[in-house]
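All remarks here apply to the structure that follows.
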Amino acid sequence: MSTSGTGATMANQFPLLKTEVKAQSAPALASADAKMSLDCLDAYYGKRLAVDKVTMPFREKLITAIIGPSGCGKTTLLRTLNRMNDSIPGFRVEGKVLLDGNDIYHSKTDVIGLRRRVGMVFQQPNPFPKSIFDNVAFGMRINGLVKDHSVLVERVEQALRHAALWDVVKDRLQKSAMMLSGGEQQRLCIARALAVQPEVLLMDEPASALDPISTAKIEELMVELKKDYTIVIVTHNMQQAARVSDFTAFLLNGHLIECCPTPQLFTTPGDPRTEAYITGRFG
Amino acid sequence: MKLRIMDKTFVYLTGLAVLIILALLFTILGNIVANGWTRISWEFLSANPREGMTEGGIFPAIFGTALLVLLMSIFVVPLGVLVAIYFSEYANRTSMLYRWSRSAVDNLAGVPSIVFGLFGLGFFVQWVGRGVDKAFFGGHLAFGQPALIWAALTMAVLTLPVVIVSVEEALRAVPQSFREASYALGATKSQTTFRVVLPDAVSGVLTGGILAVSRGAGEVAPILFVGAAYFLPHLPSKLNDQFMELGYHIFVLTTQSPDVEATKPLLYATVLVLLGLTFLLNVVAIVVRARLRVLSGAAR
């Protein structure tokens with residue numbers, strides 16, 4: 001793919017990537033404050049170290065992309081941000097994961113509450129085999145957040161509008177979510193995550209199972225969503241990282257090689273390994 | 001050359017084995033249908049036995065069977081579902097408790113059904129039943145005797161493995177991604193199990209229930225001592241009533257009749273009804289499973 005998915009007009013050239021991206025002012029590193037951050041984080045599966053001493057910020061209402069070859073630990077890193085790996089036997093972390101300055105791996109952390117604040121969208125669209133409405137309402141219902149049915153209906157609509165899916169599904173809310181196309185299913189999953197009104201949205205290769213048009217729609221949506229949410233996206237698609245993200249982190253064998261504003265990483269990477277990766281010499 | 005002949009011979013042997021099975025099945029079924037068909041009528045299905053069981057119908061036995069399997073399902077389905085949930089969702093596969101309970105269930109499935117009958121008599125009738133009598137009826141005989149409820153419970157124990165295996169299989173078939181999506185929305189483990197996993201496994205629960213019913217309807221040995229009656233003038237109306245049952249009725253017609261020749265046509269017809277009912281239940285189980293698979297798997 002060489003065209004921009006964000007519908008950009010005039011674009012920067014990223015010579016290393018041979019792709020165009022929307023012109024954007026590089027956010028100032030110092031002034032941006034971190035919604036979440038990793039502080040010297042190690043993550044183990046049993047004895048195997050999957051993430052090795054990673055320290056990096058995830059800035060509020062910006063998109064941070066994590067790139068790297070398969071098996072580099074990027075998904076593991078993402079899943080520490082909402083403690084999704086807690087149920088895996090032998091998984092443990094050392095170091096800190098901070099959300100608004102509080103360590104989410106502290107023993108007193110309410111994991112259920114954490115996951116309401118940090119939503120997640122998965123690689124494969126995974127709507128429940130329920131109606132479209134019930135999918136979006138699921139989170140609010142289990143959390144007992146919304147008692148009043150009319151409020152529930154309102155918030156389902158709001159979430160679907162936010163995910164740019166309302167116009168597609170408004171006449172068939174009671175139909176099975178399984179009837180939707182792959183791209184629509186993924187946007188439904190985004191709506192489902194947004195419905196519990198999280199502060200952070202984690203996306204694990206959200207477009208890798210989708211066709212180019214659906215991918216473009218998801219990317220447009222992400223840029224739209226960052227007005228309200230802090231977004232962290234894992235992707236193996238460098239063009240995608242270049243198109244949508246404000247910051248990009250390059251991970252290799254569990255090590256953070258570098259993390260800097262996206263245009264900088266793709267034009268003047270500070271490390272030869274980063275350059276080797278983004279020019280396609282390995283990966 | 002020699003090898004080729006051996007190869008051919010083996011193919012014919014397997015074919016012959018299949019033919020023998022088919023011939024056996026058709027002989028049994030054909031014999032029953034041919035001899036039983038003519039005797040089946042509305043009266044046969046709806047009337048009481050008369051004239052020392054040489055005339056009349058088998059309605060009390062059909063009614064008793066239905067009541068028995070219904071009660072049995074009320075006990076076995078919830079219990080079986082809970083055990084299956086434990087095995088599939090909660091148990092640590094390497095723990096002692098899991099391994100022991102797993103092999104307990106496997107062994108339960110292999111216990112001869114007459115042993116369940118004796119267990120029912122010793123445990124439910126004599127121990128639980130007598131205990132209930134002592135505690136609530138001042139020692140008067142009410143539940144400390146063979147009764148519908150003890151037969152249903154005995155049958156529930158017998159069919160428990162069927163339900164557990166069927167439900168567990170369905171639970172394990174629920175994609176892991178559904179569980180992850182639920183956790184990621186802030187659901188607890190039990191919310192995930194009851195609102196996402198179990199609804200998606202409902203076909204397994206239904207099939208498990210139906211298979212248990214069809215197994216239970218065909219068993220005689222477990223209820224010999226715990227509630228099935230030779231003949232009753234009234235239909236059972238209380239949990240501690242005795243009842244007539246189709247399988248047991250067949251046993252009675254075959255061995256206890258004063259005039260074996262006269263009961264023969266009735267016997268054929270009763271067997272045909274029992275076969276028909278269990279066959280029907282199995283077909284329903286297959287259809288339910290297939291339909292639900294189509295519904296939930298449409299776009300998976």
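FYI, nothing fancy with the structure tokens labels: chains A, B, ... in order, residues from 1 per chain, ligands from 1 as they appear.
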
Exercise. Skipping near chain neighbours, those fewer than 6 positions away, what residues fall within 9 Å of range 121-124 of chain B using only C-alpha atoms, listed as a PyMOL selection string?
Worked result: chain B and resi 130+144-146+150-151+153-154+223+225-226

For this session: Looking only at strand (DSSP E) from DSSP on the backbone, list the matching residues of range 58-264 of chain A as a PyMOL selection string.
Result: chain A and resi 58-59+63-67+91-99+102-103+118-121+200-204+230-234+247-252+255-261

Exercise. For chain A against chain B, which residues fall within 7 Å using only C-alpha atoms, given as a PyMOL selection string?
Worked result: chain A and resi 112-113+115-116+119-120+126+128-129+139+142+178-179+193

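The interatomic distance for the pair CA of Val213 in chain B and CA of Ser73 in chain B works out to 7.0 Å.
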
For this session: Could you give me, as a PyMOL selection string, each residue of range 25-256 of chain A that DSSP assigns to helix (DSSP H, G or I) when run on this structure's backbone?
Result: chain A and resi 74-80+84-87+111-117+132-143+149-162+166-169+177-179+182-195+212-225+238-244

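Taking CA of Asn237 in chain A and CA of Cys40 in chain A as the two end points, the separation is 26.2 Å.
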
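Using only C-alpha atoms, the contacts of Glu224 in chain A at a cut-off of 12 Å, with sequence neighbours closer than 3 positions omitted, comprise Thr6, Lys61, Leu62, Ile63, Arg161, His162, Ala163, Ala164, Lys217, Ile218, Glu219, Glu220, Leu221, Lys227, Asp228, Tyr229, Thr230, Ile231, Val244 and Ser245 of chain A.
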
For this session: Name all residues at most 10 Å from Ala109 in chain B (count only C-alpha atoms; drop same-chain ones fewer than 2 positions away) and give them as JSON, numbers by chain.
Result: {"B": [103, 104, 105, 106, 107, 111, 112, 113, 157, 158, 159, 160, 161, 162]}

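Restricting the calculation to only C-alpha atoms, the smallest distance between Gln242 in chain B and any of B:Ile210, B:Leu79, B:Leu280, B:Leu67 is found for B:Leu67.
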
Quick one: which range 88-160 of chain B residues come within 12 Å of range 244-265 of chain B, and what is the nearest atom pair for each with the distance in Å to one decimal, counting only C-alpha atoms, rows ordered by chain and ascending number, as a tab-separated table?
```
residue	atom	partner	partner_atom	distance
B:Ala147	CA	B:Met244	CA	10.8
B:Leu148	CA	B:Met244	CA	9.6
B:Ala151	CA	B:Glu245	CA	10.7
B:Ala152	CA	B:Glu245	CA	11.8
```

So that I have them on file, write out the residues from the current selection with N, CA, C and O atoms, as an mmCIF file, in the first residue's frame.
```cif
data_model
loop_
_atom_site.group_PDB
_atom_site.id
_atom_site.type_symbol
_atom_site.label_atom_id
_atom_site.label_comp_id
_atom_site.auth_asym_id
_atom_site.auth_seq_id
_atom_site.Cartn_x
_atom_site.Cartn_y
_atom_site.Cartn_z
ATOM 1 N N ALA B 147 -39.555 -45.198 45.546
ATOM 2 C CA ALA B 147 -40.440 -44.103 45.158
ATOM 3 C C ALA B 147 -39.897 -43.415 43.907
ATOM 4 O O ALA B 147 -38.723 -43.557 43.560
ATOM 5 N N LEU B 148 -40.793 -42.670 43.278
ATOM 6 C CA LEU B 148 -40.458 -41.945 42.050
ATOM 7 C C LEU B 148 -39.198 -41.092 42.221
ATOM 8 O O LEU B 148 -38.298 -41.109 41.382
ATOM 9 N N ALA B 151 -36.000 -43.129 42.327
ATOM 10 C CA ALA B 151 -35.687 -43.660 40.994
ATOM 11 C C ALA B 151 -35.102 -42.565 40.107
ATOM 12 O O ALA B 151 -34.124 -42.780 39.388
ATOM 13 N N ALA B 152 -35.700 -41.366 40.188
ATOM 14 C CA ALA B 152 -35.216 -40.254 39.364
ATOM 15 C C ALA B 152 -33.782 -39.877 39.762
ATOM 16 O O ALA B 152 -32.930 -39.610 38.905
#
```

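Compared by their closest atoms to Val76 in chain B, and using only C-alpha atoms, the residues B:Leu24, B:Leu211, B:Ile62, B:Leu19 rank with B:Leu211 nearest.
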